[in-house]
$ cat my_file_36.txt   # compact mmCIF, C-alpha atoms
# COMPACT_ATOMS: atom_id res chain seq x y z
CA MET L 15 3.27 -22.50 18.29
CA ALA L 16 -0.13 -23.46 19.70
CA VAL L 17 -1.71 -26.69 18.47
CA ILE L 18 -5.01 -25.91 16.75
CA PRO L 19 -7.84 -28.13 15.47
CA TYR L 20 -8.29 -26.61 12.00
CA LYS L 21 -4.94 -25.88 10.39
CA GLU L 22 -6.55 -24.30 7.32
CA ASP L 23 -8.50 -21.85 9.49
CA VAL L 24 -7.25 -18.38 10.46
CA GLY L 25 -9.26 -18.24 13.71
CA SER L 26 -7.60 -18.18 17.13
CA LYS L 27 -7.17 -21.41 19.06
CA LYS L 28 -10.04 -20.37 21.34
CA GLU L 29 -12.38 -19.81 18.40
CA GLN L 30 -11.35 -23.06 16.74
CA VAL L 31 -11.79 -25.11 19.92
CA ALA L 32 -15.29 -23.66 20.40
CA THR L 33 -16.18 -24.50 16.78
CA MET L 34 -14.74 -28.01 17.10
CA PHE L 35 -16.77 -28.84 20.21
CA ASN L 36 -19.90 -27.32 18.68
CA ASN L 37 -19.38 -29.61 15.68
CA ILE L 38 -18.99 -32.80 17.72
CA SER L 39 -21.27 -31.95 20.67
CA LYS L 40 -24.08 -34.37 19.75
CA LYS L 41 -21.66 -37.31 19.44
CA TYR L 42 -19.26 -36.27 22.19
CA ASP L 43 -20.64 -38.28 25.12
CA PHE L 44 -20.89 -41.47 23.07
CA LEU L 45 -17.40 -41.13 21.64
CA ASN L 46 -15.87 -40.09 24.96
CA HIS L 47 -17.15 -43.16 26.80
CA PHE L 48 -16.68 -45.53 23.85
CA LEU L 49 -13.11 -44.53 23.03
CA SER L 50 -12.06 -44.71 26.69
CA CYS L 51 -14.05 -47.92 27.34
CA GLY L 52 -15.82 -46.00 30.11
CA ILE L 53 -12.64 -45.51 32.11
CA ASP L 54 -13.13 -41.72 32.00
CA ILE L 55 -16.14 -42.18 34.32
CA LEU L 56 -14.00 -43.97 36.90
CA TRP L 57 -11.32 -41.29 36.65
CA ARG L 58 -13.85 -38.55 37.41
CA LYS L 59 -15.11 -40.48 40.42
CA LYS L 60 -11.54 -40.84 41.71
CA ALA L 61 -10.94 -37.12 41.23
CA ILE L 62 -14.14 -36.26 43.12
CA ARG L 63 -13.10 -38.49 46.03
CA LEU L 64 -10.01 -36.30 46.47
CA LEU L 65 -12.34 -33.41 47.33
CA GLN L 66 -14.31 -35.29 49.97
CA PRO L 67 -12.14 -34.25 52.97
CA SER L 68 -12.70 -30.54 52.26
CA ALA L 69 -16.48 -30.94 51.70
CA PRO L 70 -16.77 -28.00 49.28
CA LYS L 71 -20.15 -26.26 49.12
CA GLU L 72 -19.56 -24.01 46.09
CA ILE L 73 -17.86 -25.81 43.19
CA LEU L 74 -16.80 -24.49 39.78
CA ASP L 75 -16.41 -26.96 36.90
CA ILE L 76 -14.05 -25.55 34.28
CA ALA L 77 -14.51 -26.54 30.61
CA THR L 78 -17.62 -28.39 31.78
CA GLY L 79 -18.64 -29.58 28.29
CA THR L 80 -21.75 -31.73 28.64
CA GLY L 81 -21.59 -31.57 32.43
CA ASP L 82 -20.32 -35.04 33.38
CA PHE L 83 -17.82 -33.72 35.96
CA ALA L 84 -20.41 -31.29 37.36
CA ILE L 85 -22.87 -34.15 37.80
CA ALA L 86 -20.21 -36.35 39.43
CA ALA L 87 -19.43 -33.51 41.87
CA LEU L 88 -22.93 -33.80 43.37
CA LYS L 89 -21.56 -36.83 45.24
CA LEU L 90 -19.97 -34.22 47.55
CA ASN L 91 -23.40 -32.77 48.44
CA PRO L 92 -22.52 -29.17 47.53
CA ASN L 93 -24.98 -26.30 47.63
CA LYS L 94 -24.31 -25.59 43.96
CA VAL L 95 -22.07 -26.59 41.06
CA THR L 96 -21.44 -23.99 38.37
CA GLY L 97 -20.11 -25.23 35.02
CA ILE L 98 -18.56 -22.96 32.41
CA ASP L 99 -17.58 -23.68 28.81
CA ILE L 100 -16.96 -21.82 25.54
CA SER L 101 -19.06 -24.24 23.45
CA GLU L 102 -22.79 -23.51 23.37
CA GLY L 103 -23.36 -26.82 21.59
CA MET L 104 -21.78 -28.82 24.42
CA LEU L 105 -23.65 -26.79 27.03
CA ASN L 106 -26.99 -27.43 25.32
CA VAL L 107 -26.38 -31.19 25.48
CA GLY L 108 -25.37 -30.82 29.11
CA ARG L 109 -28.44 -28.77 30.02
CA GLU L 110 -30.74 -31.38 28.52
CA LYS L 111 -28.91 -34.09 30.46
CA ILE L 112 -29.18 -32.15 33.73
CA LYS L 113 -32.85 -31.38 33.11
CA SER L 114 -33.62 -35.06 32.42
CA LYS L 115 -31.99 -36.01 35.73
CA GLY L 116 -33.91 -33.35 37.65
CA LEU L 117 -30.73 -31.54 38.72
CA THR L 118 -31.40 -27.98 37.52
CA ASN L 119 -31.68 -26.77 41.12
CA LYS L 120 -28.13 -27.97 41.83
CA ILE L 121 -26.18 -27.37 38.60
CA GLU L 122 -25.98 -24.26 36.43
CA LEU L 123 -24.12 -24.30 33.10
CA LEU L 124 -22.86 -20.98 31.75
CA LEU L 125 -21.32 -19.90 28.44
CA GLY L 126 -18.00 -18.27 29.23
CA ASP L 127 -14.25 -18.16 28.81
CA SER L 128 -12.16 -19.95 31.42
CA GLU L 129 -9.33 -17.50 30.76
CA ASN L 130 -11.60 -14.57 31.66
CA LEU L 131 -13.93 -15.93 34.33
CA PRO L 132 -17.06 -13.83 35.10
CA PHE L 133 -16.81 -14.35 38.87
CA GLU L 134 -15.51 -12.33 41.79
CA ASP L 135 -12.31 -13.22 43.65
CA ASN L 136 -12.39 -15.97 46.29
CA LYS L 137 -15.84 -17.29 45.33
CA PHE L 138 -15.48 -21.09 45.12
CA ASP L 139 -14.44 -23.69 47.68
CA ALA L 140 -13.11 -25.93 44.91
CA TYR L 141 -12.86 -26.24 41.17
CA THR L 142 -12.68 -29.24 38.89
CA ALA L 143 -11.40 -29.36 35.32
CA GLY L 144 -11.72 -32.49 33.20
CA PHE L 145 -9.72 -32.80 29.96
CA GLY L 146 -10.04 -29.07 29.28
CA VAL L 147 -6.98 -27.10 30.34
CA ARG L 148 -4.86 -28.37 27.44
CA ASN L 149 -7.35 -26.59 25.14
CA PHE L 150 -6.65 -23.18 26.68
CA GLU L 151 -5.17 -20.61 24.33
CA ASN L 152 -3.06 -19.30 27.22
CA LEU L 153 -2.58 -22.04 29.82
CA GLU L 154 -1.03 -19.87 32.51
CA LYS L 155 -3.67 -17.17 32.15
CA GLY L 156 -6.43 -19.75 32.55
CA LEU L 157 -4.82 -21.36 35.59
CA ALA L 158 -4.26 -17.92 37.15
CA GLU L 159 -7.95 -17.05 36.64
CA MET L 160 -8.98 -20.33 38.23
CA TYR L 161 -6.69 -19.55 41.16
CA ARG L 162 -8.22 -16.08 41.50
CA VAL L 163 -11.77 -17.35 41.97
CA LEU L 164 -10.75 -20.01 44.52
CA LYS L 165 -11.23 -19.19 48.19
CA PRO L 166 -8.10 -19.22 50.37
CA ASN L 167 -7.26 -22.86 51.13
CA GLY L 168 -9.63 -23.89 48.32
CA THR L 169 -8.81 -27.02 46.34
CA ALA L 170 -8.14 -27.46 42.63
CA VAL L 171 -8.55 -30.86 40.98
CA ILE L 172 -7.52 -31.12 37.33
CA LEU L 173 -7.93 -34.31 35.28
CA GLU L 174 -5.95 -34.35 32.07
CA PHE L 175 -4.32 -36.71 29.60
CA SER L 176 -0.60 -37.31 29.99
CA LYS L 177 2.08 -39.23 28.16
CA PRO L 178 3.07 -42.70 29.43
CA LYS L 179 6.79 -43.33 29.36
CA THR L 180 7.24 -47.07 29.96
CA PHE L 181 7.43 -49.88 27.40
CA PRO L 182 5.10 -51.24 26.04
CA ILE L 183 2.37 -48.89 27.33
CA LYS L 184 3.95 -45.91 25.57
CA GLN L 185 3.97 -47.73 22.21
CA ILE L 186 0.38 -49.06 22.56
CA TYR L 187 -0.85 -45.64 23.67
CA THR L 188 0.89 -43.86 20.79
CA PHE L 189 -0.56 -46.27 18.21
CA TYR L 190 -4.09 -46.03 19.62
CA PHE L 191 -4.05 -42.24 20.01
CA ASN L 192 -2.51 -41.52 16.62
CA LYS L 193 -4.01 -44.26 14.43
CA VAL L 194 -7.12 -45.86 15.92
CA LEU L 195 -8.79 -42.99 17.78
CA PRO L 196 -8.70 -40.39 14.95
CA GLY L 197 -10.22 -42.89 12.52
CA ILE L 198 -13.13 -43.83 14.78
CA GLY L 199 -13.65 -40.21 15.82
CA LYS L 200 -13.76 -39.04 12.21
CA LEU L 201 -16.18 -41.81 11.20
CA VAL L 202 -18.67 -41.13 14.00
CA SER L 203 -18.38 -37.35 14.49
CA LYS L 204 -17.90 -36.44 10.79
CA ASP L 205 -15.31 -33.88 11.91
CA ASN L 206 -12.05 -34.58 10.14
CA SER L 207 -9.90 -32.55 12.54
CA ALA L 208 -11.32 -33.03 16.05
CA TYR L 209 -9.80 -36.41 16.82
CA THR L 210 -6.54 -35.61 15.07
CA TYR L 211 -6.24 -32.52 17.26
CA LEU L 212 -6.70 -34.64 20.41
CA PRO L 213 -3.38 -36.55 20.25
CA GLU L 214 -1.59 -33.43 19.01
CA SER L 215 -2.88 -31.39 21.94
CA VAL L 216 -1.93 -34.10 24.43
CA ASP L 217 1.57 -34.33 22.97
CA ALA L 218 2.02 -30.55 23.29
CA PHE L 219 0.69 -30.37 26.87
CA PRO L 220 3.26 -29.91 29.69
CA ASP L 221 2.26 -32.90 31.81
CA GLY L 222 3.60 -34.37 35.04
CA GLN L 223 6.27 -32.38 36.85
CA ASP L 224 6.22 -29.69 34.17
CA PHE L 225 2.56 -28.98 34.95
CA ILE L 226 3.21 -29.05 38.71
CA ASN L 227 5.96 -26.48 38.15
CA ILE L 228 3.50 -24.18 36.37
CA LEU L 229 0.94 -24.50 39.17
CA THR L 230 3.63 -23.72 41.77
CA LYS L 231 4.88 -20.74 39.78
CA LEU L 232 1.33 -19.31 39.76
CA GLY L 233 1.02 -19.55 43.54
CA TYR L 234 -0.68 -22.90 44.05
CA HIS L 235 0.45 -24.89 47.09
CA ASN L 236 0.90 -28.62 47.71
CA ALA L 237 0.61 -29.45 44.00
CA THR L 238 0.77 -33.18 43.35
CA ALA L 239 0.20 -35.47 40.36
CA ILE L 240 -1.52 -38.84 40.57
CA PRO L 241 -0.87 -40.98 37.45
CA LEU L 242 -3.78 -43.05 36.16
CA LEU L 243 -3.65 -46.32 34.18
CA PHE L 244 0.12 -46.47 33.59
CA GLY L 245 0.31 -42.72 33.07
CA ILE L 246 -2.14 -42.19 30.18
CA ALA L 247 -3.88 -39.58 32.33
CA SER L 248 -3.16 -37.76 35.59
CA ILE L 249 -5.09 -36.06 38.35
CA TYR L 250 -3.43 -32.88 39.62
CA LYS L 251 -4.45 -31.63 43.04
CA ALA L 252 -3.39 -28.31 44.53
CA ASN L 253 -4.52 -25.67 47.01
CA LYS L 254 -4.70 -21.89 47.06

$ encode --input "my_file_36.txt" --output "structure tokens"
Amino acid sequence: MAVIPYKEDVGSKKEQVATMFNNISKKYDFLNHFLSCGIDILWRKKAIRLLQPSAPKEILDIATGTGDFAIAALKLNPNKVTGIDISEGMLNVGREKIKSKGLTNKIELLLGDSENLPFEDNKFDAYTAGFGVRNFENLEKGLAEMYRVLKPNGTAVILEFSKPKTFPIKQIYTFYFNKVLPGIGKLVSKDNSAYTYLPESVDAFPDGQDFINILTKLGYHNATAIPLLFGIASIYKANK
């Protein structure tokens, strides 16, 4: 059974995720950086460095949210970065951020469904996805769509939470994710479910080798996982 943000709601996971991010969009950037102590910024930079050898010119940022990964991707000097997300609230915050930085000629943010991408086959040199694929209603369908729009030999870089397995990191992580983070998230965002859903969605996500196996099954090549900070997150890199 899919993990959903609002257990009392009858909406699909996709609808609930969109509603959740709309609800927390104005507080999202603050909470994201605060709760991770800013480490998420370093993780995105590391992920972007993995794309440097291929020098992609057309980049798609999946589940772009407020556009942080799309902005980080400009380090690669692409012609254009296209971000897509199902939350209009998150996109509005991102558009204001991009406008304030004078980057509207380089980044375009679009409302859309990552499981039904509105792009032709073989369009992008690379795609990035930061902390978004675990929110897909159908993970394999989303990953297959992302594969479809990649050019042959294109590169996929996916940043996602994972589950540390070593003592005492596992115990500290579990306590923080299940006790501390939901309380702070609820207090600041005023959404009672959003930061309870986060640890539940991470726990349900097939991380590590299980995720590599899914990528390989869908046709991706050279899939590898790079653990970050004792395994609390991972970068997955693969090619079409």

$ closest_residue --input "my_file_36.txt" --among "L:Thr96, L:Thr118, L:Asn46, L:Asn149" --to "Ala32 in chain L" --atoms "all atoms listed in the file"
L:Asn149

$ residues_around --input "my_file_36.txt" --residues "range 167-179 of chain L" --least-positions-apart "2" --cutoff "7 Å" --atoms "all atoms listed in the file" --output "ChimeraX atom specification"
/L:61,139-145,164-165,181,183-184,216,221,244-254

$ atom_distance --input "my_file_36.txt" --atom1 "CA of Ile100 in chain L" --atom2 "CA of Leu157 in chain L"
15.8 Å

$ closest_residue --input "my_file_36.txt" --among "L:Ile38, L:Leu49, L:Ile55, L:Ala237" --to "Phe191 in chain L" --atoms "only C-alpha atoms"
L:Leu49

$ closest_residue --input "my_file_36.txt" --among "L:Ile112, L:Ala87, L:Ile53, L:Met160" --to "Leu243 in chain L" --atoms "all atoms listed in the file"
L:Ile53

$ atom_distance --input "my_file_36.txt" --atom1 "CA of Tyr211 in chain L" --atom2 "CA of Ile228 in chain L"
23.0 Å

$ atom_distance --input "my_file_36.txt" --atom1 "CA of Ala84 in chain L" --atom2 "CA of Glu151 in chain L"
22.7 Å

$ residues_near_point --input "my_file_36.txt" --point "(3.2, -17.9, 36.2)" --cutoff "12 Å" --atoms "all atoms listed in the file" --output "number ranges by chain"
L: 152-159, 161, 225-234

$ write_last_selection --input "my_file_36.txt" --atoms "C-alpha atoms" --output "compact mmCIF listing (two decimals), in the coordinates of the input"
# COMPACT_ATOMS: atom_id res chain seq x y z
CA ASN L 152 -3.06 -19.30 27.22
CA LEU L 153 -2.58 -22.04 29.82
CA GLU L 154 -1.03 -19.87 32.51
CA LYS L 155 -3.67 -17.17 32.15
CA GLY L 156 -6.43 -19.75 32.55
CA LEU L 157 -4.82 -21.36 35.59
CA ALA L 158 -4.26 -17.92 37.15
CA GLU L 159 -7.95 -17.05 36.64
CA TYR L 161 -6.69 -19.55 41.16
CA PHE L 225 2.56 -28.98 34.95
CA ILE L 226 3.21 -29.05 38.71
CA ASN L 227 5.96 -26.48 38.15
CA ILE L 228 3.50 -24.18 36.37
CA LEU L 229 0.94 -24.50 39.17
CA THR L 230 3.63 -23.72 41.77
CA LYS L 231 4.88 -20.74 39.78
CA LEU L 232 1.33 -19.31 39.76
CA GLY L 233 1.02 -19.55 43.54
CA TYR L 234 -0.68 -22.90 44.05

$ residues_around --input "my_file_36.txt" --residues "Leu131 in chain L" --least-positions-apart "4" --cutoff "10 Å" --atoms "all atoms listed in the file" --output "PyMOL selection string"
chain L and resi 76+98+126-127+135+156+159-160+162-163

$ closest_residue --input "my_file_36.txt" --among "L:Phe150, L:Asp205, L:Gly108, L:Ser39" --to "Ala218 in chain L" --atoms "only C-alpha atoms"
L:Phe150

$ residues_around --input "my_file_36.txt" --residues "Lys115 in chain L" --least-positions-apart "6" --cutoff "12 Å" --atoms "all atoms listed in the file" --output "PyMOL selection string"
chain L and resi 81-82+85+108-109+121

$ decode --input "my_file_36.txt" --residues "range 179-194 of chain L" --atoms "N, CA, C and O atoms" --output "short mmCIF file (atom, residue, chain, number, x, y, z; two decimals), in the first residue's frame"
data_model
loop_
_atom_site.label_atom_id
_atom_site.label_comp_id
_atom_site.auth_asym_id
_atom_site.auth_seq_id
_atom_site.Cartn_x
_atom_site.Cartn_y
_atom_site.Cartn_z
N LYS L 179 22.37 1.97 8.02
CA LYS L 179 22.24 0.64 8.60
C LYS L 179 23.22 0.36 9.74
O LYS L 179 23.15 -0.69 10.37
N THR L 180 24.14 1.28 10.01
CA THR L 180 25.17 1.02 11.01
C THR L 180 24.85 1.73 12.33
O THR L 180 24.31 2.83 12.35
N PHE L 181 25.22 1.09 13.43
CA PHE L 181 25.09 1.67 14.77
C PHE L 181 26.21 2.68 14.96
O PHE L 181 27.35 2.42 14.58
N PRO L 182 25.99 3.86 15.58
CA PRO L 182 24.71 4.35 16.13
C PRO L 182 23.98 5.29 15.17
O PRO L 182 22.97 5.88 15.55
N ILE L 183 24.48 5.42 13.93
CA ILE L 183 23.88 6.35 12.98
C ILE L 183 22.42 5.99 12.72
O ILE L 183 21.55 6.87 12.68
N LYS L 184 22.15 4.70 12.58
CA LYS L 184 20.78 4.25 12.32
C LYS L 184 19.84 4.71 13.44
O LYS L 184 18.73 5.20 13.19
N GLN L 185 20.27 4.56 14.70
CA GLN L 185 19.42 4.90 15.84
C GLN L 185 19.21 6.42 15.94
O GLN L 185 18.10 6.88 16.21
N ILE L 186 20.30 7.19 15.74
CA ILE L 186 20.19 8.66 15.79
C ILE L 186 19.27 9.16 14.67
O ILE L 186 18.40 10.01 14.88
N TYR L 187 19.48 8.61 13.48
CA TYR L 187 18.68 8.98 12.31
C TYR L 187 17.20 8.68 12.55
O TYR L 187 16.33 9.52 12.29
N THR L 188 16.93 7.50 13.06
CA THR L 188 15.54 7.09 13.29
C THR L 188 14.86 8.01 14.31
O THR L 188 13.71 8.44 14.12
N PHE L 189 15.57 8.34 15.38
CA PHE L 189 15.01 9.24 16.40
C PHE L 189 14.75 10.62 15.82
O PHE L 189 13.67 11.19 16.02
N TYR L 190 15.71 11.15 15.09
CA TYR L 190 15.56 12.51 14.53
C TYR L 190 14.42 12.55 13.51
O TYR L 190 13.57 13.45 13.55
N PHE L 191 14.39 11.57 12.61
CA PHE L 191 13.39 11.57 11.54
C PHE L 191 11.98 11.32 12.07
O PHE L 191 11.01 11.87 11.53
N ASN L 192 11.86 10.51 13.10
CA ASN L 192 10.53 10.14 13.58
C ASN L 192 10.03 10.98 14.75
O ASN L 192 8.81 11.04 14.97
N LYS L 193 10.93 11.63 15.48
CA LYS L 193 10.52 12.39 16.66
C LYS L 193 10.77 13.89 16.53
O LYS L 193 9.88 14.70 16.73
N VAL L 194 11.99 14.25 16.18
CA VAL L 194 12.37 15.67 16.16
C VAL L 194 11.82 16.38 14.93
O VAL L 194 11.14 17.41 15.03
#
